[in-house]
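What follows is one structure encoded as structure tokens, with my remarks underneath.
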Amino acid sequence: MSTEFSKGKVAIVGQSEDLNWFNTLPGEQMAIRVHSRDVGGAFTIIEVRVPPFIGPPLHYHEEREEIFEVLEGRFRFHCAGEEFEVTPGRSVVVPRNSVHGWVNLGPEAARLLFTFVSLINHSKQMKR
């Protein structure tokens with residue numbers, strides 16, 4: 001993996017072409033930019049290359065929030081009963097237990113950045 005941590009635990013993440021890509025859905029590729037094990041389980045960041053007109057089925061997560069940032073392309077999101085388009089530079093925050101899904105609307109591959117946020121009790125950690 002190309003994520004490097006300094007002695008102070010500052011993450012330096014490599015460029016997209018330097019990441020270890022793996023196949024998921026047909027034609028879709030993912031790469032882990034920051035693994036949860038490297039940050040005490042707090043979050044995971046994944047970059048995704050999405051082929052045209054591809055996206056996951058509607059689903060939800062009980063144990064985490066998700067944040068999607070559109071890097072390239074145009075996506076239609078369905079979240080908590082609403083549908084909307086999202087373009088580069090925009091983000092979508094999906095609360096846990098919210099039914100959601102998305103699809104790449106463009107004729108070419110597009111890119112998303114996913115951040116999965118765990119259910120860590122941050123208020124307890126901040127009191128330390």
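Every chain in the structure tokens has a letter given in the order shown (A, B, ...), and although residue numbers restart at 1 in each chain, ligands are simply numbered from 1 in the order shown.
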
Original post:
Can you list, as a count of residues only, every protein, DNA or RNA residue that comes within 8 Å of Ser91 (chain A) when you count only C-alpha atoms, leaving out same-chain residues fewer than 6 positions away?
Top reply: 4

Original post:
Of the residues A:Phe114, A:Pro95, A:His100, A:Asn23, which is the one nearest to Glu62 (chain A), using only C-alpha atoms?
Top reply: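 Nearest to Glu62 (chain A): A:Pro95.
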
Original post:
Which value, in Å to one decimal, gives the distance between CA of Pro26 (chain A) and CA of Ser118 (chain A)?
Top reply: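 That distance, rounded to one decimal, is 27.6 Å.
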
**OP:** Check region 15-103 of chain A with DSSP on the backbone and list each residue it calls strand (DSSP E or B), as a ChimeraX atom specification.
**Re:** /A:22-23,29-34,43-50,59,64-72,75-79,82-86,91-94,100-103

**OP:** Would you work out the distance separating CA of Arg111 (chain A) from CA of Arg49 (chain A), expressed in Å to one decimal?
**Re:** 4.7 Å

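If you count only C-alpha atoms and ignore residues fewer than 5 places along the chain from region 52-57 of chain A, what sits within 8 Å of it is Gly101, Trp102, Val103, Asn104, Leu105, Gly106, Pro107, Glu108, Ala109 and Ala110 of chain A.
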
Now that the selection is made, can you save its residues with N, CA, C and O atoms as a PDB file, in the first residue's frame?
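Listing of out_32.pdb after writing:
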ATOM      1  N   GLY A 101     -27.680   4.550  -2.507  1.00  0.00           N
ATOM      2  CA  GLY A 101     -27.016   3.945  -3.658  1.00  0.00           C
ATOM      3  C   GLY A 101     -26.670   5.062  -4.627  1.00  0.00           C
ATOM      4  O   GLY A 101     -27.071   6.210  -4.444  1.00  0.00           O
ATOM      5  N   TRP A 102     -25.923   4.738  -5.656  1.00  0.00           N
ATOM      6  CA  TRP A 102     -25.512   5.731  -6.629  1.00  0.00           C
ATOM      7  C   TRP A 102     -25.172   5.045  -7.939  1.00  0.00           C
ATOM      8  O   TRP A 102     -24.978   3.823  -7.981  1.00  0.00           O
ATOM      9  N   VAL A 103     -25.130   5.845  -9.008  1.00  0.00           N
ATOM     10  CA  VAL A 103     -24.754   5.320 -10.325  1.00  0.00           C
ATOM     11  C   VAL A 103     -23.986   6.411 -11.080  1.00  0.00           C
ATOM     12  O   VAL A 103     -24.286   7.595 -10.952  1.00  0.00           O
ATOM     13  N   ASN A 104     -22.976   5.995 -11.835  1.00  0.00           N
ATOM     14  CA  ASN A 104     -22.222   6.890 -12.702  1.00  0.00           C
ATOM     15  C   ASN A 104     -23.103   7.198 -13.913  1.00  0.00           C
ATOM     16  O   ASN A 104     -23.456   6.305 -14.675  1.00  0.00           O
ATOM     17  N   LEU A 105     -23.463   8.455 -14.104  1.00  0.00           N
ATOM     18  CA  LEU A 105     -24.348   8.857 -15.205  1.00  0.00           C
ATOM     19  C   LEU A 105     -23.624   9.116 -16.516  1.00  0.00           C
ATOM     20  O   LEU A 105     -24.255   9.250 -17.553  1.00  0.00           O
ATOM     21  N   GLY A 106     -22.313   9.227 -16.480  1.00  0.00           N
ATOM     22  CA  GLY A 106     -21.574   9.627 -17.675  1.00  0.00           C
ATOM     23  C   GLY A 106     -21.233   8.486 -18.603  1.00  0.00           C
ATOM     24  O   GLY A 106     -21.306   7.312 -18.236  1.00  0.00           O
ATOM     25  N   PRO A 107     -20.814   8.825 -19.819  1.00  0.00           N
ATOM     26  CA  PRO A 107     -20.435   7.808 -20.807  1.00  0.00           C
ATOM     27  C   PRO A 107     -19.012   7.275 -20.602  1.00  0.00           C
ATOM     28  O   PRO A 107     -18.580   6.386 -21.316  1.00  0.00           O
ATOM     29  N   GLU A 108     -18.282   7.838 -19.621  1.00  0.00           N
ATOM     30  CA  GLU A 108     -16.911   7.407 -19.350  1.00  0.00           C
ATOM     31  C   GLU A 108     -16.761   7.045 -17.879  1.00  0.00           C
ATOM     32  O   GLU A 108     -17.627   7.357 -17.060  1.00  0.00           O
ATOM     33  N   ALA A 109     -15.638   6.412 -17.550  1.00  0.00           N
ATOM     34  CA  ALA A 109     -15.361   6.066 -16.149  1.00  0.00           C
ATOM     35  C   ALA A 109     -15.320   7.336 -15.303  1.00  0.00           C
ATOM     36  O   ALA A 109     -14.949   8.410 -15.780  1.00  0.00           O
ATOM     37  N   ALA A 110     -15.736   7.203 -14.050  1.00  0.00           N
ATOM     38  CA  ALA A 110     -15.747   8.318 -13.104  1.00  0.00           C
ATOM     39  C   ALA A 110     -15.040   7.870 -11.832  1.00  0.00           C
ATOM     40  O   ALA A 110     -14.744   6.680 -11.658  1.00  0.00           O
TER      41      ALA A 110
END

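Here CA of Asp38 (chain A) stands at a distance of 17.9 Å from CA of Leu113 (chain A).
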